[in-house]
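Visitor: Structure: target.tsv, TSV, C-alpha atoms.
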chain	number	residue	atom	x	y	z
A	232	GLN	CA	0.00	0.00	0.00
A	233	VAL	CA	1.51	3.29	-1.11
A	234	GLN	CA	0.59	6.51	0.63
A	235	LEU	CA	1.77	10.05	0.07
A	236	VAL	CA	1.46	12.12	3.23
A	237	GLU	CA	1.67	15.90	3.01
A	238	SER	CA	2.34	18.32	5.86
A	239	GLY	CA	3.25	21.94	6.40
A	240	GLY	CA	0.16	23.74	5.22
A	241	GLY	CA	-1.55	26.43	7.25
A	242	LEU	CA	-2.51	30.06	7.51
A	243	VAL	CA	0.03	32.75	6.71
A	244	GLN	CA	-0.04	36.44	5.93
A	245	ALA	CA	0.78	37.73	2.49
A	246	GLY	CA	4.53	37.99	2.07
A	247	GLY	CA	5.15	35.11	4.43
A	248	SER	CA	6.63	31.67	3.85
A	249	LEU	CA	5.65	28.05	4.28
A	250	ARG	CA	7.44	24.79	3.61
A	251	LEU	CA	5.41	21.81	2.48
A	252	SER	CA	6.68	18.26	2.84
A	253	CYS	CA	5.46	15.02	1.36
A	254	VAL	CA	6.72	11.61	2.42
A	255	VAL	CA	6.05	8.47	0.42
A	256	HIS	CA	5.08	5.51	2.58
A	257	GLY	CA	5.18	2.01	1.13
A	258	ARG	CA	7.36	0.26	-1.38
A	259	LEU	CA	8.07	2.05	-4.62
A	260	PHE	CA	11.13	0.91	-6.48
A	261	SER	CA	11.59	3.94	-8.66
A	262	ILE	CA	9.91	7.31	-8.75
A	263	ASN	CA	10.56	9.27	-11.91
A	264	THR	CA	8.85	12.57	-11.20
A	265	MET	CA	7.58	14.11	-8.00
A	266	GLY	CA	5.63	17.28	-7.83
A	267	TRP	CA	3.07	19.57	-6.34
A	268	TYR	CA	-0.30	20.53	-7.69
A	269	ARG	CA	-2.89	22.85	-6.22
A	270	GLN	CA	-6.57	23.53	-6.47
A	271	GLY	CA	-7.94	26.86	-5.37
A	272	PRO	CA	-11.59	27.78	-4.76
A	273	GLY	CA	-13.50	27.49	-8.04
A	274	ILE	CA	-10.30	26.82	-9.98
A	275	GLN	CA	-9.12	23.73	-11.84
A	276	ARG	CA	-6.23	21.79	-10.39
A	277	GLU	CA	-2.96	23.13	-11.73
A	278	MET	CA	0.65	22.07	-11.69
A	279	VAL	CA	2.80	24.12	-9.33
A	280	ALA	CA	6.22	22.48	-9.58
A	281	LEU	CA	7.80	19.23	-10.73
A	282	ILE	CA	11.17	17.66	-10.11
A	283	ARG	CA	12.46	14.74	-12.16
A	284	SER	CA	14.77	11.98	-11.00
A	285	GLY	CA	17.75	13.76	-12.53
A	286	GLY	CA	16.99	16.94	-10.62
A	287	GLU	CA	15.45	18.94	-13.44
A	288	THR	CA	12.70	21.25	-12.23
A	289	VAL	CA	9.65	22.79	-13.84
A	290	TYR	CA	7.62	25.62	-12.32
A	291	ALA	CA	4.33	27.25	-13.12
A	292	HIS	CA	4.88	30.79	-14.34
A	293	SER	CA	2.89	32.18	-11.42
A	294	VAL	CA	5.28	30.77	-8.80
A	295	LYS	CA	8.64	30.97	-10.57
A	296	GLY	CA	11.16	32.81	-8.45
A	297	ARG	CA	9.07	32.44	-5.30
A	298	PHE	CA	8.74	28.66	-4.86
A	299	THR	CA	11.48	26.04	-4.79
A	300	ILE	CA	10.95	22.31	-5.14
A	301	SER	CA	13.45	19.74	-3.89
A	302	ARG	CA	13.49	16.04	-3.20
A	303	GLU	CA	15.21	13.24	-1.32
A	304	ASN	CA	15.22	9.63	-2.43
A	305	ALA	CA	15.64	7.68	0.78
A	306	PRO	CA	12.87	7.74	1.83
A	307	TYR	CA	11.17	9.46	-1.09
A	308	THR	CA	10.33	12.94	0.09
A	309	VAL	CA	9.50	16.08	-1.82
A	310	TYR	CA	9.49	19.61	-0.45
A	311	LEU	CA	8.02	22.88	-1.62
A	312	GLN	CA	9.52	26.03	-0.13
A	313	MET	CA	7.03	28.84	-0.71
A	314	ASN	CA	8.21	32.42	-0.19
A	315	SER	CA	6.55	35.77	-0.82
A	316	LEU	CA	3.15	34.15	-0.63
A	317	LYS	CA	0.19	35.92	-2.16
A	318	PRO	CA	-3.53	35.55	-1.47
A	319	GLU	CA	-3.91	33.95	-4.90
A	320	ASP	CA	-1.68	31.10	-3.69
A	321	THR	CA	-4.52	30.01	-1.41
A	322	ALA	CA	-5.38	26.43	-2.35
A	323	VAL	CA	-5.19	22.82	-1.32
A	324	TYR	CA	-1.74	21.57	-2.29
A	325	TYR	CA	-1.36	17.96	-3.42
A	326	CYS	CA	1.78	15.90	-3.67
A	327	ASN	CA	2.15	13.69	-6.75
A	328	ALA	CA	4.52	10.89	-7.70
A	329	VAL	CA	4.91	9.19	-11.06
A	330	VAL	CA	6.62	5.83	-11.24
A	331	SER	CA	7.89	3.78	-14.15
A	332	GLY	CA	5.04	2.91	-16.49
A	333	GLY	CA	3.27	6.16	-15.81
A	334	VAL	CA	1.38	5.08	-12.70
A	335	GLN	CA	0.59	8.10	-10.54
A	336	TYR	CA	0.03	8.42	-6.83
A	337	ARG	CA	-1.42	11.47	-5.11
A	338	GLY	CA	-1.73	12.56	-1.50
A	339	GLN	CA	-4.80	13.80	0.31
A	340	GLY	CA	-3.72	17.41	0.19
A	341	THR	CA	-2.73	20.07	2.67
A	342	PRO	CA	-4.54	23.43	2.75
A	343	VAL	CA	-2.68	26.70	2.43
A	344	THR	CA	-4.44	29.97	3.19
A	345	VAL	CA	-2.76	33.30	2.55
A	346	SER	CA	-4.45	36.31	4.11
A	347	SER	CA	-4.09	39.79	2.71
Please express the file's structure as structure tokens.

Guide:
Amino acid sequence: QVQLVESGGGLVQAGGSLRLSCVVHGRLFSINTMGWYRQGPGIQREMVALIRSGGETVYAHSVKGRFTISRENAPYTVYLQMNSLKPEDTAVYYCNAVVSGGVQYRGQGTPVTVSS
């Protein structure tokens, strides 16, 4: 049984910072890509940041320069450092992992609320 468990969400004022963490529980032999997605009120889920096994990163334009994604491989953990937070960053943030063959796993989400 594979579970992705996120933590680190909460309430923060605009301009503040939060660090999200996601730990993969269970046996996964190889994770290719790990990442973060978010879904704000009335908005479709969107990709925030991805990090591939080789360390390459991809960011949504709206967070580039403010957010930093990183990962560890033993155990599989992915982080999202969020700085200079804006009210429009308010959303539920989901951790995602893609393994060989394209199978995806997703966590339950951690809410982030940025007050103005």

Visitor: Name the residues in contact with Val233 (chain A) at a cut-off of 12 Å, using all atoms listed in the file, excluding same-chain residues fewer than 4 positions from it; report them as a count of residues only.

Guide: 16

Visitor: Around the point (-2.9, 13.9, 3.3) (coordinates from the file), which residues reach within 12 Å if we count all atoms listed in the file? Answer as number ranges by chain.

Guide: A: 234-240, 251-256, 323-327, 336-342

Visitor: Would you put the residues from that selection into a file with C-alpha atoms, as a PDB file, keeping the file's coordinate frame?

Guide:
ATOM      1  CA  GLN A 234       0.590   6.510   0.630  1.00  0.00           C
ATOM      2  CA  LEU A 235       1.770  10.050   0.070  1.00  0.00           C
ATOM      3  CA  VAL A 236       1.460  12.120   3.230  1.00  0.00           C
ATOM      4  CA  GLU A 237       1.670  15.900   3.010  1.00  0.00           C
ATOM      5  CA  SER A 238       2.340  18.320   5.860  1.00  0.00           C
ATOM      6  CA  GLY A 239       3.250  21.940   6.400  1.00  0.00           C
ATOM      7  CA  GLY A 240       0.160  23.740   5.220  1.00  0.00           C
ATOM      8  CA  LEU A 251       5.410  21.810   2.480  1.00  0.00           C
ATOM      9  CA  SER A 252       6.680  18.260   2.840  1.00  0.00           C
ATOM     10  CA  CYS A 253       5.460  15.020   1.360  1.00  0.00           C
ATOM     11  CA  VAL A 254       6.720  11.610   2.420  1.00  0.00           C
ATOM     12  CA  VAL A 255       6.050   8.470   0.420  1.00  0.00           C
ATOM     13  CA  HIS A 256       5.080   5.510   2.580  1.00  0.00           C
ATOM     14  CA  VAL A 323      -5.190  22.820  -1.320  1.00  0.00           C
ATOM     15  CA  TYR A 324      -1.740  21.570  -2.290  1.00  0.00           C
ATOM     16  CA  TYR A 325      -1.360  17.960  -3.420  1.00  0.00           C
ATOM     17  CA  CYS A 326       1.780  15.900  -3.670  1.00  0.00           C
ATOM     18  CA  ASN A 327       2.150  13.690  -6.750  1.00  0.00           C
ATOM     19  CA  TYR A 336       0.030   8.420  -6.830  1.00  0.00           C
ATOM     20  CA  ARG A 337      -1.420  11.470  -5.110  1.00  0.00           C
ATOM     21  CA  GLY A 338      -1.730  12.560  -1.500  1.00  0.00           C
ATOM     22  CA  GLN A 339      -4.800  13.800   0.310  1.00  0.00           C
ATOM     23  CA  GLY A 340      -3.720  17.410   0.190  1.00  0.00           C
ATOM     24  CA  THR A 341      -2.730  20.070   2.670  1.00  0.00           C
ATOM     25  CA  PRO A 342      -4.540  23.430   2.750  1.00  0.00           C
TER      26      PRO A 342
END

Visitor: Take CA of Val294 (chain A) and CA of Thr308 (chain A) and report the distance between them in Å, one decimal.

Guide: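 Going from CA of Val294 (chain A) over to CA of Thr308 (chain A) covers 20.6 Å.
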
Visitor: If we count all atoms listed in the file, what is near Arg297 (chain A) at a cut-off of 10 Å, once residues fewer than 5 positions away on the same chain are taken out, given as a ChimeraX atom specification?

Guide: /A:248,290,312-316

Visitor: Would you mind reading off the distance between CA of Val329 (chain A) and CA of His292 (chain A), one decimal, in Å?

Guide: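 Atom-to-atom, CA of Val329 (chain A) and CA of His292 (chain A) are spaced 21.8 Å apart.
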
Visitor: Would you compute the distance between CA of Leu242 (chain A) and CA of Lys317 (chain A)? Give it in Å to one decimal.

Guide: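 The value is 11.6 Å.
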
Visitor: Which is closer to Arg269 (chain A) than all the others in A:Ser293, A:Thr321, A:Ser331, A:Thr344, using only C-alpha atoms?

Guide: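 So, comparing all the options, the nearest one is A:Thr321.
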
Visitor: Choose the residue, out of A:Val309, A:Pro318, A:Gly285, A:Gly333, that has the smallest atom-to-atom separation from Ser346 (chain A); count only C-alpha atoms.

Guide: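 Of the candidates, the smallest distance to Ser346 (chain A) is held by A:Pro318.
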
Visitor: Just the residues within 8 Å of Ser284 (chain A), please, counting all atoms listed in the file, with nothing from its chain fewer than 6 positions along; format it as an mmCIF file with C-alpha atoms, keeping the file's coordinate frame.

Guide:
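Dumped to around_38.cif:
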data_model
loop_
_atom_site.group_PDB
_atom_site.id
_atom_site.type_symbol
_atom_site.label_atom_id
_atom_site.label_comp_id
_atom_site.auth_asym_id
_atom_site.auth_seq_id
_atom_site.Cartn_x
_atom_site.Cartn_y
_atom_site.Cartn_z
ATOM 1 C CA ILE A 262 9.910 7.310 -8.750
ATOM 2 C CA ASN A 263 10.560 9.270 -11.910
ATOM 3 C CA THR A 264 8.850 12.570 -11.200
#

Visitor: Considering all atoms listed in the file, can you say which of A:Val279, A:Val345, A:Ala322, A:Ser261 comes closest to Ala305 (chain A)?

Guide: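 Selected residue with least distance to Ala305 (chain A): A:Ser261.
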
Visitor: Please extract region 232-245 of chain A and write it out with all heavy atoms, as a PDB file, in the first residue's frame.

Guide:
ATOM      1  N   GLN A 232       0.847  -1.188   0.000  1.00  0.00           N
ATOM      2  CA  GLN A 232       0.000   0.000   0.000  1.00  0.00           C
ATOM      3  C   GLN A 232       0.884   1.240   0.000  1.00  0.00           C
ATOM      4  O   GLN A 232       1.704   1.411   0.892  1.00  0.00           O
ATOM      5  CB  GLN A 232      -0.884   0.004   1.254  1.00  0.00           C
ATOM      6  CG  GLN A 232      -1.913   1.105   1.287  1.00  0.00           C
ATOM      7  CD  GLN A 232      -3.141   0.753   0.468  1.00  0.00           C
ATOM      8  OE1 GLN A 232      -3.259  -0.365  -0.025  1.00  0.00           O
ATOM      9  NE2 GLN A 232      -4.022   1.703   0.317  1.00  0.00           N
ATOM     10  N   VAL A 233       0.724   2.069  -0.980  1.00  0.00           N
ATOM     11  CA  VAL A 233       1.515   3.292  -1.107  1.00  0.00           C
ATOM     12  C   VAL A 233       0.672   4.481  -0.663  1.00  0.00           C
ATOM     13  O   VAL A 233      -0.477   4.639  -1.081  1.00  0.00           O
ATOM     14  CB  VAL A 233       1.978   3.490  -2.558  1.00  0.00           C
ATOM     15  CG1 VAL A 233       2.698   4.822  -2.710  1.00  0.00           C
ATOM     16  CG2 VAL A 233       2.890   2.344  -2.989  1.00  0.00           C
ATOM     17  N   GLN A 234       1.254   5.288   0.188  1.00  0.00           N
ATOM     18  CA  GLN A 234       0.585   6.509   0.628  1.00  0.00           C
ATOM     19  C   GLN A 234       1.534   7.682   0.538  1.00  0.00           C
ATOM     20  O   GLN A 234       2.708   7.568   0.895  1.00  0.00           O
ATOM     21  CB  GLN A 234       0.122   6.386   2.081  1.00  0.00           C
ATOM     22  CG  GLN A 234      -1.171   5.615   2.269  1.00  0.00           C
ATOM     23  CD  GLN A 234      -1.664   5.700   3.697  1.00  0.00           C
ATOM     24  OE1 GLN A 234      -0.918   5.425   4.633  1.00  0.00           O
ATOM     25  NE2 GLN A 234      -2.914   6.080   3.874  1.00  0.00           N
ATOM     26  N   LEU A 235       1.016   8.802   0.066  1.00  0.00           N
ATOM     27  CA  LEU A 235       1.771  10.050   0.073  1.00  0.00           C
ATOM     28  C   LEU A 235       1.149  10.933   1.152  1.00  0.00           C
ATOM     29  O   LEU A 235      -0.061  11.203   1.112  1.00  0.00           O
ATOM     30  CB  LEU A 235       1.680  10.751  -1.279  1.00  0.00           C
ATOM     31  CG  LEU A 235       2.655  10.295  -2.371  1.00  0.00           C
ATOM     32  CD1 LEU A 235       2.453   8.835  -2.726  1.00  0.00           C
ATOM     33  CD2 LEU A 235       2.517  11.162  -3.605  1.00  0.00           C
ATOM     34  N   VAL A 236       1.967  11.366   2.100  1.00  0.00           N
ATOM     35  CA  VAL A 236       1.461  12.120   3.233  1.00  0.00           C
ATOM     36  C   VAL A 236       2.079  13.510   3.241  1.00  0.00           C
ATOM     37  O   VAL A 236       3.292  13.660   3.408  1.00  0.00           O
ATOM     38  CB  VAL A 236       1.755  11.395   4.557  1.00  0.00           C
ATOM     39  CG1 VAL A 236       1.207  12.195   5.733  1.00  0.00           C
ATOM     40  CG2 VAL A 236       1.153   9.993   4.541  1.00  0.00           C
ATOM     41  N   GLU A 237       1.214  14.512   3.030  1.00  0.00           N
ATOM     42  CA  GLU A 237       1.673  15.899   3.008  1.00  0.00           C
ATOM     43  C   GLU A 237       1.569  16.518   4.398  1.00  0.00           C
ATOM     44  O   GLU A 237       0.737  16.117   5.209  1.00  0.00           O
ATOM     45  CB  GLU A 237       0.840  16.751   2.049  1.00  0.00           C
ATOM     46  CG  GLU A 237       0.828  16.293   0.611  1.00  0.00           C
ATOM     47  CD  GLU A 237      -0.459  15.584   0.240  1.00  0.00           C
ATOM     48  OE1 GLU A 237      -1.092  15.005   1.147  1.00  0.00           O
ATOM     49  OE2 GLU A 237      -0.830  15.612  -0.948  1.00  0.00           O
ATOM     50  N   SER A 238       2.406  17.528   4.631  1.00  0.00           N
ATOM     51  CA  SER A 238       2.335  18.318   5.859  1.00  0.00           C
ATOM     52  C   SER A 238       2.911  19.698   5.582  1.00  0.00           C
ATOM     53  O   SER A 238       3.557  19.915   4.550  1.00  0.00           O
ATOM     54  CB  SER A 238       3.109  17.636   6.994  1.00  0.00           C
ATOM     55  OG  SER A 238       4.475  17.514   6.665  1.00  0.00           O
ATOM     56  N   GLY A 239       2.651  20.612   6.506  1.00  0.00           N
ATOM     57  CA  GLY A 239       3.247  21.936   6.404  1.00  0.00           C
ATOM     58  C   GLY A 239       2.313  23.045   5.986  1.00  0.00           C
ATOM     59  O   GLY A 239       2.696  24.221   5.998  1.00  0.00           O
ATOM     60  N   GLY A 240       1.100  22.700   5.603  1.00  0.00           N
ATOM     61  CA  GLY A 240       0.156  23.740   5.219  1.00  0.00           C
ATOM     62  C   GLY A 240      -0.325  24.522   6.428  1.00  0.00           C
ATOM     63  O   GLY A 240      -0.042  24.162   7.573  1.00  0.00           O
ATOM     64  N   GLY A 241      -1.028  25.616   6.153  1.00  0.00           N
ATOM     65  CA  GLY A 241      -1.547  26.431   7.252  1.00  0.00           C
ATOM     66  C   GLY A 241      -1.954  27.793   6.788  1.00  0.00           C
ATOM     67  O   GLY A 241      -2.134  28.040   5.591  1.00  0.00           O
ATOM     68  N   LEU A 242      -2.096  28.678   7.765  1.00  0.00           N
ATOM     69  CA  LEU A 242      -2.508  30.063   7.511  1.00  0.00           C
ATOM     70  C   LEU A 242      -1.296  30.967   7.657  1.00  0.00           C
ATOM     71  O   LEU A 242      -0.555  30.878   8.644  1.00  0.00           O
ATOM     72  CB  LEU A 242      -3.592  30.456   8.515  1.00  0.00           C
ATOM     73  CG  LEU A 242      -4.034  31.918   8.520  1.00  0.00           C
ATOM     74  CD1 LEU A 242      -4.696  32.280   7.194  1.00  0.00           C
ATOM     75  CD2 LEU A 242      -4.984  32.180   9.688  1.00  0.00           C
ATOM     76  N   VAL A 243      -1.104  31.842   6.678  1.00  0.00           N
ATOM     77  CA  VAL A 243       0.035  32.745   6.706  1.00  0.00           C
ATOM     78  C   VAL A 243      -0.386  34.071   6.093  1.00  0.00           C
ATOM     79  O   VAL A 243      -1.286  34.114   5.242  1.00  0.00           O
ATOM     80  CB  VAL A 243       1.237  32.128   5.946  1.00  0.00           C
ATOM     81  CG1 VAL A 243       0.922  31.944   4.476  1.00  0.00           C
ATOM     82  CG2 VAL A 243       2.497  32.938   6.139  1.00  0.00           C
ATOM     83  N   GLN A 244       0.243  35.133   6.519  1.00  0.00           N
ATOM     84  CA  GLN A 244      -0.036  36.443   5.929  1.00  0.00           C
ATOM     85  C   GLN A 244       0.686  36.600   4.602  1.00  0.00           C
ATOM     86  O   GLN A 244       1.732  35.960   4.369  1.00  0.00           O
ATOM     87  CB  GLN A 244       0.401  37.551   6.891  1.00  0.00           C
ATOM     88  CG  GLN A 244      -0.506  37.713   8.096  1.00  0.00           C
ATOM     89  CD  GLN A 244      -0.173  38.969   8.891  1.00  0.00           C
ATOM     90  OE1 GLN A 244       0.984  39.385   8.937  1.00  0.00           O
ATOM     91  NE2 GLN A 244      -1.179  39.557   9.515  1.00  0.00           N
ATOM     92  N   ALA A 245       0.142  37.445   3.776  1.00  0.00           N
ATOM     93  CA  ALA A 245       0.782  37.734   2.490  1.00  0.00           C
ATOM     94  C   ALA A 245       2.213  38.194   2.740  1.00  0.00           C
ATOM     95  O   ALA A 245       2.486  38.972   3.657  1.00  0.00           O
ATOM     96  CB  ALA A 245       0.005  38.799   1.738  1.00  0.00           C
TER      97      ALA A 245
END
